>>> print(open('target_12.txt').read())   # compact mmCIF, C-alpha atoms
# COMPACT_ATOMS: atom_id res chain seq x y z
CA MET V 1484 -14.57 3.15 -33.59
CA GLU V 1485 -13.14 2.30 -36.96
CA LEU V 1486 -13.91 2.30 -40.62
CA ALA V 1487 -14.68 -0.87 -42.53
CA VAL V 1488 -14.14 -1.38 -46.23
CA ILE V 1489 -15.96 -4.05 -48.21
CA GLY V 1490 -15.18 -4.73 -51.82
CA LYS V 1491 -13.17 -6.38 -54.51
CA SER V 1492 -9.44 -6.72 -54.19
CA GLU V 1493 -8.60 -3.72 -56.38
CA PHE V 1494 -11.01 -1.48 -54.49
CA VAL V 1495 -9.73 -2.51 -51.13
CA THR V 1496 -5.96 -2.35 -51.58
CA GLY V 1497 -5.76 1.44 -51.56
CA PHE V 1498 -7.55 1.61 -48.24
CA ARG V 1499 -5.08 -0.86 -46.83
CA LEU V 1500 -2.36 1.59 -47.81
CA ALA V 1501 -4.17 4.30 -45.86
CA GLY V 1502 -3.89 2.10 -42.81
CA ILE V 1503 -7.42 0.78 -42.44
CA LYS V 1504 -7.43 -2.62 -40.79
CA LYS V 1505 -11.06 -3.79 -41.00
CA ILE V 1506 -11.10 -4.87 -44.59
CA TYR V 1507 -13.34 -7.48 -46.16
CA GLU V 1508 -12.08 -8.64 -49.49
CA THR V 1509 -14.93 -10.24 -51.37
CA ILE V 1510 -14.91 -12.26 -54.56
CA ASP V 1511 -18.61 -12.69 -55.28
CA ILE V 1512 -22.01 -11.42 -54.18
CA GLU V 1513 -22.49 -14.08 -51.51
CA ALA V 1514 -19.24 -13.14 -49.83
CA ALA V 1515 -20.16 -9.46 -49.98
CA GLU V 1516 -23.56 -10.20 -48.50
CA SER V 1517 -22.20 -12.08 -45.53
CA ALA V 1518 -19.54 -9.40 -45.02
CA VAL V 1519 -22.18 -6.68 -45.00
CA LYS V 1520 -24.25 -8.58 -42.46
CA GLU V 1521 -21.25 -9.10 -40.25
CA VAL V 1522 -20.25 -5.43 -40.38
CA LEU V 1523 -23.79 -4.22 -39.69
CA ASP V 1524 -23.77 -6.24 -36.48
CA ASP V 1525 -20.34 -5.02 -35.46
CA LYS V 1526 -20.71 -2.38 -32.78
CA ASN V 1527 -17.18 -1.13 -33.30
CA VAL V 1528 -17.69 -0.01 -36.90
CA GLY V 1529 -18.78 3.58 -37.47
CA ILE V 1530 -18.47 3.94 -41.22
CA ILE V 1531 -18.72 1.39 -44.01
CA VAL V 1532 -17.07 2.18 -47.31
CA MET V 1533 -18.32 0.31 -50.37
CA HIS V 1534 -18.29 0.61 -54.13
CA ASN V 1535 -21.57 1.63 -55.68
CA ASP V 1536 -21.65 -1.31 -58.08
CA ASP V 1537 -21.23 -3.72 -55.19
CA ILE V 1538 -24.17 -2.19 -53.37
CA ALA V 1539 -26.24 -2.36 -56.53
CA ASN V 1540 -25.42 -6.07 -56.87
CA LEU V 1541 -26.53 -6.94 -53.37
CA PRO V 1542 -29.92 -8.51 -52.78
CA GLU V 1543 -32.55 -5.85 -52.29
CA ILE V 1544 -33.21 -6.54 -48.61
CA VAL V 1545 -29.56 -6.32 -47.68
CA ALA V 1546 -29.05 -3.18 -49.75
CA LYS V 1547 -32.05 -1.60 -48.12
CA SER V 1548 -30.94 -2.33 -44.59
CA LEU V 1549 -27.52 -1.02 -45.56
CA ASN V 1550 -28.87 2.24 -46.93
CA GLU V 1551 -31.18 2.78 -44.00
CA SER V 1552 -28.58 2.04 -41.39
CA ILE V 1553 -27.49 5.10 -39.47
CA GLN V 1554 -24.88 3.54 -37.31
CA PRO V 1555 -22.79 2.34 -39.01
CA THR V 1556 -23.42 4.65 -41.89
CA VAL V 1557 -22.55 3.74 -45.45
CA VAL V 1558 -20.51 5.86 -47.82
CA ALA V 1559 -20.71 4.65 -51.39
CA LEU V 1560 -17.97 5.50 -53.85
CA GLY V 1561 -17.39 5.39 -57.55
CA GLY V 1562 -19.61 3.75 -60.10
CA SER V 1563 -21.70 5.78 -62.47
CA GLY V 1564 -21.46 8.96 -60.40
CA GLU V 1565 -24.77 8.35 -58.69
CA GLY V 1566 -23.02 8.62 -55.38
CA SER V 1567 -26.06 9.13 -53.26
CA THR V 1568 -29.06 7.62 -54.96
CA SER V 1569 -30.46 6.35 -51.71
CA LEU V 1570 -30.19 9.76 -50.10
CA ARG V 1571 -31.79 11.33 -53.14
CA ASP V 1572 -34.73 8.95 -52.96
CA LYS V 1573 -35.09 9.71 -49.29
CA ILE V 1574 -35.19 13.44 -49.94
CA LYS V 1575 -37.82 12.95 -52.60
CA GLN V 1576 -39.88 10.89 -50.21
CA ALA V 1577 -39.61 13.20 -47.23
CA VAL V 1578 -39.71 16.65 -48.75
CA GLY V 1579 -41.64 15.80 -51.89
CA VAL V 1580 -39.28 17.59 -54.24
CA ASP V 1581 -36.04 16.39 -55.79
CA LEU V 1582 -33.67 18.89 -54.25
CA TRP V 1583 -30.50 17.00 -55.10
CA LYS V 1584 -29.13 18.63 -58.26
CA MET N 173 -63.69 9.00 -32.30
CA VAL N 174 -66.77 7.58 -33.95
CA LEU N 175 -70.01 9.47 -33.63
CA GLN N 176 -71.92 6.53 -32.21
CA ASP N 177 -69.48 6.17 -29.33
CA VAL N 178 -70.19 9.52 -27.72
CA LYS N 179 -72.86 10.19 -25.19
CA PRO N 180 -74.38 13.58 -25.95
CA THR N 181 -73.93 15.11 -22.53
CA ARG N 182 -72.75 18.48 -21.39
CA SER N 183 -69.66 17.13 -19.62
CA GLU N 184 -68.67 15.28 -22.78
CA LEU N 185 -68.95 18.55 -24.66
CA ILE N 186 -66.62 20.28 -22.23
CA THR N 187 -63.96 17.56 -22.45
CA LEU N 188 -64.27 17.64 -26.23
CA LYS N 189 -63.68 21.35 -26.30
CA LYS N 190 -60.57 20.85 -24.21
CA ARG N 191 -59.34 18.14 -26.53
CA ILE N 192 -59.84 20.30 -29.60
CA LYS N 193 -57.89 23.09 -28.01
CA LEU N 194 -55.07 20.71 -27.12
CA SER N 195 -54.97 19.20 -30.61
CA GLU N 196 -54.87 22.59 -32.20
CA SER N 197 -52.00 23.83 -30.10
CA GLY N 198 -50.18 20.53 -30.74
CA HIS N 199 -50.76 20.91 -34.43
CA LYS N 200 -49.35 24.41 -34.37
CA LEU N 201 -46.25 23.30 -32.48
CA LEU N 202 -45.63 20.34 -34.74
CA LYS N 203 -45.99 22.54 -37.79
CA MET N 204 -43.34 24.86 -36.40
CA LYS N 205 -41.10 21.89 -35.69
CA ARG N 206 -41.51 20.65 -39.24
CA ASP N 207 -40.63 24.02 -40.70
CA GLY N 208 -37.63 24.32 -38.42
CA LEU N 209 -36.40 20.88 -39.42
CA ILE N 210 -36.73 21.68 -43.09
CA LEU N 211 -34.79 24.89 -42.55
CA GLU N 212 -31.99 22.95 -40.84
CA PHE N 213 -32.10 20.43 -43.63
CA PHE N 214 -31.63 23.11 -46.27
CA LYS N 215 -28.61 24.44 -44.43
CA ILE N 216 -26.93 21.06 -44.61
CA LEU N 217 -28.09 20.13 -48.09
CA ASN N 218 -25.71 22.40 -49.99
CA GLU N 219 -22.78 21.46 -47.83
CA ALA N 220 -23.48 17.79 -48.34
CA ARG N 221 -23.69 18.25 -52.08
CA ASN N 222 -20.30 19.96 -52.18
CA VAL N 223 -18.74 17.28 -50.04
CA ARG N 224 -20.16 14.65 -52.36
CA THR N 225 -18.54 16.17 -55.43
CA GLU N 226 -15.27 16.55 -53.56
CA LEU N 227 -15.50 12.95 -52.47
CA ASP N 228 -16.09 11.69 -55.99
CA GLU N 229 -13.13 13.70 -57.19
CA ALA N 230 -10.87 12.43 -54.43
CA TYR N 231 -11.90 8.89 -55.27
CA LYS N 232 -11.04 9.41 -58.91
CA VAL N 233 -7.63 10.82 -58.01
CA ALA N 234 -6.96 7.95 -55.63
CA THR N 235 -7.86 5.27 -58.17
CA ASP N 236 -5.70 6.94 -60.79
CA LYS N 237 -2.79 6.99 -58.39
CA ILE N 238 -3.14 3.38 -57.40
CA ASN N 239 -3.45 2.26 -61.00
CA LEU N 240 -0.26 4.10 -61.81
CA ALA N 241 1.49 2.59 -58.82
CA CYS N 242 0.29 -0.86 -59.85
CA ALA N 243 1.57 -0.30 -63.36
CA VAL N 244 5.00 0.75 -62.16
CA ASN N 245 5.51 -1.67 -59.27
CA GLY N 246 3.23 -4.54 -60.09
CA VAL N 247 0.06 -5.53 -58.30
CA VAL N 248 1.76 -7.98 -55.98
CA ALA N 249 4.24 -5.39 -54.73
CA ILE N 250 1.45 -2.92 -53.96
CA LYS N 251 -0.54 -5.55 -52.13
CA SER N 252 2.37 -6.69 -50.04
CA THR N 253 3.15 -3.07 -49.17
CA ALA N 254 -0.47 -2.53 -48.26
CA PHE N 255 -0.35 -5.37 -45.79
CA THR N 256 2.56 -3.89 -43.91
CA THR N 257 0.93 -0.61 -42.95
CA LYS N 258 0.34 0.09 -39.30
CA GLY N 259 -1.58 2.60 -37.25
CA SER N 260 -5.18 2.58 -38.36
CA PRO N 261 -7.33 5.71 -38.29
CA GLU N 262 -9.68 5.95 -35.34
CA ILE N 263 -12.99 7.77 -35.39
CA LYS N 264 -14.86 9.19 -32.46
CA LEU N 265 -18.56 9.80 -32.32
CA SER N 266 -20.03 12.62 -30.32
CA GLY N 267 -23.27 14.36 -30.99
CA HIS N 268 -25.48 17.36 -30.63
CA ASN N 269 -29.15 17.96 -30.77
CA ILE N 270 -31.09 19.67 -33.56
CA MET N 271 -34.76 20.02 -32.55
CA GLY N 272 -34.81 16.72 -30.76
CA VAL N 273 -32.82 14.90 -33.42
CA PHE N 274 -29.55 13.48 -32.23
CA VAL N 275 -26.97 14.36 -34.85
CA PRO N 276 -23.51 12.82 -34.88
CA LYS N 277 -20.27 14.68 -34.94
CA ILE N 278 -17.46 12.47 -36.16
CA SER N 279 -13.90 13.32 -35.38
CA SER N 280 -10.94 11.32 -36.54
CA ILE N 281 -7.48 10.68 -35.24
CA GLY N 282 -4.52 9.39 -37.17
CA VAL N 283 -5.82 9.55 -40.71
CA ARG N 284 -2.85 11.45 -42.04
CA LYS N 285 0.51 10.02 -41.25
CA PRO N 286 3.98 11.11 -42.18
CA LEU N 287 5.96 8.81 -44.41
CA TYR N 288 8.05 7.26 -41.64
CA GLU N 289 5.01 6.28 -39.60
CA ARG N 290 3.24 4.35 -42.32
CA GLY N 291 5.04 1.17 -41.53
CA TYR N 292 6.35 0.10 -44.90
CA GLY N 293 10.03 0.28 -45.69
CA ILE N 294 11.35 3.13 -47.72
CA ILE N 295 13.80 0.91 -49.52
CA GLY N 296 11.90 -1.27 -51.93
CA THR N 297 9.05 1.14 -52.39
CA ASN N 298 8.95 4.27 -54.47
CA SER N 299 7.25 7.62 -54.62
CA TYR N 300 4.25 6.25 -56.51
CA ILE N 301 3.30 4.22 -53.50
CA ASP N 302 3.75 7.22 -51.23
CA GLU N 303 1.53 9.28 -53.45
CA THR N 304 -1.10 6.59 -53.48
CA SER N 305 -1.04 6.47 -49.70
CA ASP N 306 -1.37 10.23 -49.61
CA ALA N 307 -4.33 10.17 -51.97
CA TYR N 308 -6.09 7.48 -49.99
CA GLU N 309 -5.53 9.23 -46.70
CA ASP N 310 -7.08 12.29 -48.28
CA LEU N 311 -9.99 10.15 -49.46
CA VAL N 312 -10.52 8.66 -46.00
CA GLU N 313 -10.63 12.14 -44.53
CA LYS N 314 -13.30 13.15 -47.03
CA ILE N 315 -15.23 9.95 -46.37
CA ILE N 316 -15.40 10.78 -42.69
CA ILE N 317 -16.77 14.26 -43.37
CA ALA N 318 -19.26 12.89 -45.87
CA ALA N 319 -20.38 10.20 -43.45
CA GLU N 320 -21.11 12.78 -40.80
CA LEU N 321 -23.14 14.96 -43.13
CA GLU N 322 -25.00 12.13 -44.74
CA THR N 323 -25.97 10.58 -41.43
CA THR N 324 -27.21 13.97 -40.30
CA MET N 325 -29.28 14.27 -43.44
CA LYS N 326 -30.72 10.79 -43.03
CA ARG N 327 -31.75 11.46 -39.45
CA LEU N 328 -33.24 14.84 -40.29
CA LEU N 329 -35.17 13.37 -43.20
CA ASN N 330 -36.57 10.60 -41.02
CA GLU N 331 -37.70 13.15 -38.48
CA ILE N 332 -39.17 15.43 -41.13
CA GLU N 333 -41.19 12.57 -42.52
CA LYS N 334 -42.47 11.58 -39.09
CA THR N 335 -43.40 15.13 -38.16
CA LYS N 336 -45.09 15.71 -41.48
CA ARG N 337 -47.20 12.64 -41.03
CA ARG N 338 -48.22 13.77 -37.56
CA VAL N 339 -49.09 17.28 -38.73
CA ASN N 340 -51.24 15.93 -41.53
CA ALA N 341 -52.94 13.39 -39.33
CA LEU N 342 -53.89 16.10 -36.87
CA GLU N 343 -54.96 18.57 -39.50
CA PHE N 344 -56.98 16.29 -41.74
CA LYS N 345 -58.14 13.49 -39.48
CA VAL N 346 -58.11 14.14 -35.75
CA ILE N 347 -59.25 17.75 -35.56
CA PRO N 348 -62.07 17.49 -38.15
CA GLU N 349 -63.43 14.41 -36.41
CA LEU N 350 -63.40 16.12 -33.04
CA ILE N 351 -65.21 19.13 -34.46
CA GLU N 352 -67.74 16.85 -36.10
CA THR N 353 -68.41 15.12 -32.79
CA MET N 354 -68.77 18.45 -31.04
CA LYS N 355 -71.34 19.55 -33.57
CA PHE N 356 -73.25 16.33 -33.09
CA ILE N 357 -73.36 16.77 -29.32
CA ARG N 358 -74.47 20.37 -29.56
CA PHE N 359 -77.24 19.47 -31.97
CA THR N 360 -78.48 16.65 -29.81
CA LEU N 361 -78.47 18.80 -26.70
CA GLU N 362 -80.49 21.49 -28.44
CA GLU N 363 -82.91 18.89 -29.68
CA VAL N 364 -83.39 17.58 -26.14
CA GLU N 365 -84.02 21.10 -24.89
CA ARG N 366 -86.63 21.78 -27.55
CA GLU N 367 -88.31 18.51 -26.75
CA GLY N 368 -88.45 19.51 -23.09
CA THR N 369 -90.11 22.89 -23.70
CA PHE N 370 -92.57 21.37 -26.11
CA ARG N 371 -93.51 18.71 -23.60
CA LEU N 372 -94.07 21.36 -20.97
CA LYS N 373 -96.37 23.26 -23.33
CA ARG N 374 -98.38 20.14 -24.03
CA ILE N 375 -98.77 19.41 -20.33
CA LYS N 376 -99.81 22.96 -19.65
CA ALA N 377 -102.46 22.80 -22.39
CA LYS N 378 -103.80 19.55 -21.00
CA ALA N 379 -103.94 20.98 -17.50
CA LYS N 380 -106.08 23.90 -18.75
CA ASP N 381 -108.72 21.60 -20.25
>>> encode(input="target_12.txt", output="structure tokens")
Amino acid sequence: MELAVIGKSEFVTGFRLAGIKKIYETIDIEAAESAVKEVLDDKNVGIIVMHNDDIANLPEIVAKSLNESIQPTVVALGGSGEGSTSLRDKIKQAVGVDLWK
Amino acid sequence: MVLQDVKPTRSELITLKKRIKLSESGHKLLKMKRDGLILEFFKILNEARNVRTELDEAYKVATDKINLACAVNGVVAIKSTAFTTKGSPEIKLSGHNIMGVFVPKISSIGVRKPLYERGYGIIGTNSYIDETSDAYEDLVEKIIIAAELETTMKRLLNEIEKTKRRVNALEFKVIPELIETMKFIRFTLEEVEREGTFRLKRIKAKAKD
């Protein structure tokens, strides 16, 4: 399986340098949305890497299916440091206490 | 089970008793499962938090490096170098089982590469680009670890939620209702018995007259 990176050109270039081949360079939200849908259906992708701001800009349904997806799983980077808001919400929901930080 | 649906018979009472016993042992087991899952979850939680901070740091380092490289070489040069890389990292998924939850174990091959295997020429590029590549390879490695842990957490949390719901449903809905029904049957049976003895007494009195 491979990694997939979705994001703006400046986010994506570094990952190209690291040798990742499945890269979706997106200009606007629509492009990101269709890229996310495509990657979610791709059986050969194990991990999706995205910027936090891009995830936040996605339509809610797409963002939700992205955050709930287990395979492939999403790793969000950068942004305002809220690297794992979705996970945090999940913990709050399941355990009842905010254990993250 | 609604009260009106039961026939107050002795056999019904026996099956009910069996059902209550079964529900109670199930409840106990599920409670243990829930506690075990939460324990496992706590073990991973701290690790995941550390990995997260490391990941954020690695990302910061990597972006700094690429910005520097862009400033020195120009964006176009970096992009064209990026397109020439070869040998993409491969990940492998295997898994193990924590209390019935399938948890992934992700291993990776070919994330870190020596300079001469990266695919871009050494002439025409400089050390800034190499450092950027290094930083991003480091980042990818961290991403893979984080992905494993975070998937594990997600799966565990899903299972915890499910188990919790089941435990509560049994404790607050199923078992009380069963007990209620059992009480109803017992009461009705006693009532029938009393009626029977009273009837006998009446008949006896009439026979004497």
>>> closest_atom_pairs(input="target_12.txt", of="chain N", to="chain V", cutoff="7 Å", atoms="only C-alpha atoms", output="CSV")
residue,atom,partner,partner_atom,distance
N:Asp228,CA,V:Gly1561,CA,6.6
N:Tyr231,CA,V:Gly1561,CA,6.9
N:Ile238,CA,V:Gly1497,CA,6.7
N:Lys251,CA,V:Thr1496,CA,6.3
N:Ala254,CA,V:Leu1500,CA,4.6
N:Phe255,CA,V:Arg1499,CA,6.6
N:Thr257,CA,V:Gly1502,CA,5.5
N:Lys258,CA,V:Gly1502,CA,5.9
N:Gly259,CA,V:Gly1502,CA,6.0
N:Ser260,CA,V:Gly1502,CA,4.7
N:Pro261,CA,V:Ile1503,CA,6.4
N:Glu262,CA,V:Glu1485,CA,5.3
N:Ile263,CA,V:Met1484,CA,5.2
N:Lys264,CA,V:Met1484,CA,6.2
N:Ser305,CA,V:Leu1500,CA,5.4
N:Tyr308,CA,V:Ala1501,CA,5.6
N:Glu309,CA,V:Ala1501,CA,5.2
N:Ile315,CA,V:Val1558,CA,6.8
N:Ala319,CA,V:Val1558,CA,6.2
N:Thr323,CA,V:Ile1553,CA,6.0
N:Leu329,CA,V:Ala1577,CA,6.0
N:Ile332,CA,V:Ala1577,CA,6.5
N:Glu333,CA,V:Ala1577,CA,5.0
>>> atom_distance(input="target_12.txt", atom1="CA of Val1522 (chain V)", atom2="CA of Pro286 (chain N)")
29.4 Å
>>> atom_distance(input="target_12.txt", atom1="CA of His268 (chain N)", atom2="CA of Phe213 (chain N)")
14.9 Å
>>> atom_distance(input="target_12.txt", atom1="CA of Leu321 (chain N)", atom2="CA of Leu227 (chain N)")
12.2 Å
>>> axis_aligned_box(input="target_12.txt", around="region 215-225 of chain N", padding_each_side="8 Å", output="JSON")
{"center_x": -23.6, "center_y": 19.5, "center_z": -49.9, "size_x": 26.1, "size_y": 25.8, "size_z": 27.0}
>>> decode(input="target_12.txt", residues="region 330-344 of chain N", atoms="N, CA, C and O atoms", output="PDB file, in the first residue's frame")
ATOM      1  N   ASN N 330     -14.349   3.326  19.078  1.00  0.00           N
ATOM      2  CA  ASN N 330     -15.609   2.817  18.525  1.00  0.00           C
ATOM      3  C   ASN N 330     -16.121   1.640  19.341  1.00  0.00           C
ATOM      4  O   ASN N 330     -17.306   1.568  19.675  1.00  0.00           O
ATOM      5  N   GLU N 331     -15.184   0.739  19.669  1.00  0.00           N
ATOM      6  CA  GLU N 331     -15.581  -0.462  20.391  1.00  0.00           C
ATOM      7  C   GLU N 331     -16.022  -0.109  21.812  1.00  0.00           C
ATOM      8  O   GLU N 331     -16.994  -0.662  22.321  1.00  0.00           O
ATOM      9  N   ILE N 332     -15.305   0.823  22.429  1.00  0.00           N
ATOM     10  CA  ILE N 332     -15.681   1.244  23.785  1.00  0.00           C
ATOM     11  C   ILE N 332     -17.100   1.792  23.786  1.00  0.00           C
ATOM     12  O   ILE N 332     -17.922   1.455  24.637  1.00  0.00           O
ATOM     13  N   GLU N 333     -17.380   2.624  22.779  1.00  0.00           N
ATOM     14  CA  GLU N 333     -18.708   3.226  22.730  1.00  0.00           C
ATOM     15  C   GLU N 333     -19.791   2.161  22.585  1.00  0.00           C
ATOM     16  O   GLU N 333     -20.811   2.185  23.266  1.00  0.00           O
ATOM     17  N   LYS N 334     -19.512   1.209  21.691  1.00  0.00           N
ATOM     18  CA  LYS N 334     -20.497   0.150  21.444  1.00  0.00           C
ATOM     19  C   LYS N 334     -20.728  -0.661  22.723  1.00  0.00           C
ATOM     20  O   LYS N 334     -21.871  -0.924  23.105  1.00  0.00           O
ATOM     21  N   THR N 335     -19.623  -1.046  23.343  1.00  0.00           N
ATOM     22  CA  THR N 335     -19.740  -1.879  24.543  1.00  0.00           C
ATOM     23  C   THR N 335     -20.457  -1.133  25.656  1.00  0.00           C
ATOM     24  O   THR N 335     -21.275  -1.697  26.376  1.00  0.00           O
ATOM     25  N   LYS N 336     -20.146   0.156  25.766  1.00  0.00           N
ATOM     26  CA  LYS N 336     -20.771   0.945  26.819  1.00  0.00           C
ATOM     27  C   LYS N 336     -22.284   1.000  26.632  1.00  0.00           C
ATOM     28  O   LYS N 336     -23.053   0.845  27.574  1.00  0.00           O
ATOM     29  N   ARG N 337     -22.654   1.173  25.371  1.00  0.00           N
ATOM     30  CA  ARG N 337     -24.086   1.234  25.075  1.00  0.00           C
ATOM     31  C   ARG N 337     -24.766  -0.084  25.443  1.00  0.00           C
ATOM     32  O   ARG N 337     -25.854  -0.109  26.004  1.00  0.00           O
ATOM     33  N   ARG N 338     -24.086  -1.179  25.117  1.00  0.00           N
ATOM     34  CA  ARG N 338     -24.671  -2.493  25.423  1.00  0.00           C
ATOM     35  C   ARG N 338     -24.801  -2.692  26.923  1.00  0.00           C
ATOM     36  O   ARG N 338     -25.827  -3.158  27.418  1.00  0.00           O
ATOM     37  N   VAL N 339     -23.730  -2.334  27.654  1.00  0.00           N
ATOM     38  CA  VAL N 339     -23.753  -2.498  29.111  1.00  0.00           C
ATOM     39  C   VAL N 339     -24.910  -1.717  29.703  1.00  0.00           C
ATOM     40  O   VAL N 339     -25.695  -2.230  30.504  1.00  0.00           O
ATOM     41  N   ASN N 340     -25.051  -0.469  29.256  1.00  0.00           N
ATOM     42  CA  ASN N 340     -26.111   0.365  29.813  1.00  0.00           C
ATOM     43  C   ASN N 340     -27.490  -0.141  29.446  1.00  0.00           C
ATOM     44  O   ASN N 340     -28.406  -0.127  30.269  1.00  0.00           O
ATOM     45  N   ALA N 341     -27.614  -0.614  28.211  1.00  0.00           N
ATOM     46  CA  ALA N 341     -28.917  -1.128  27.792  1.00  0.00           C
ATOM     47  C   ALA N 341     -29.309  -2.317  28.656  1.00  0.00           C
ATOM     48  O   ALA N 341     -30.457  -2.427  29.106  1.00  0.00           O
ATOM     49  N   LEU N 342     -28.358  -3.192  28.912  1.00  0.00           N
ATOM     50  CA  LEU N 342     -28.658  -4.361  29.741  1.00  0.00           C
ATOM     51  C   LEU N 342     -28.983  -3.938  31.166  1.00  0.00           C
ATOM     52  O   LEU N 342     -29.968  -4.384  31.746  1.00  0.00           O
ATOM     53  N   GLU N 343     -28.171  -3.049  31.692  1.00  0.00           N
ATOM     54  CA  GLU N 343     -28.308  -2.690  33.102  1.00  0.00           C
ATOM     55  C   GLU N 343     -29.592  -1.906  33.364  1.00  0.00           C
ATOM     56  O   GLU N 343     -30.265  -2.142  34.357  1.00  0.00           O
ATOM     57  N   PHE N 344     -29.914  -0.975  32.486  1.00  0.00           N
ATOM     58  CA  PHE N 344     -31.020  -0.067  32.795  1.00  0.00           C
ATOM     59  C   PHE N 344     -32.307  -0.367  32.057  1.00  0.00           C
ATOM     60  O   PHE N 344     -33.336   0.213  32.350  1.00  0.00           O
TER      61      PHE N 344
END
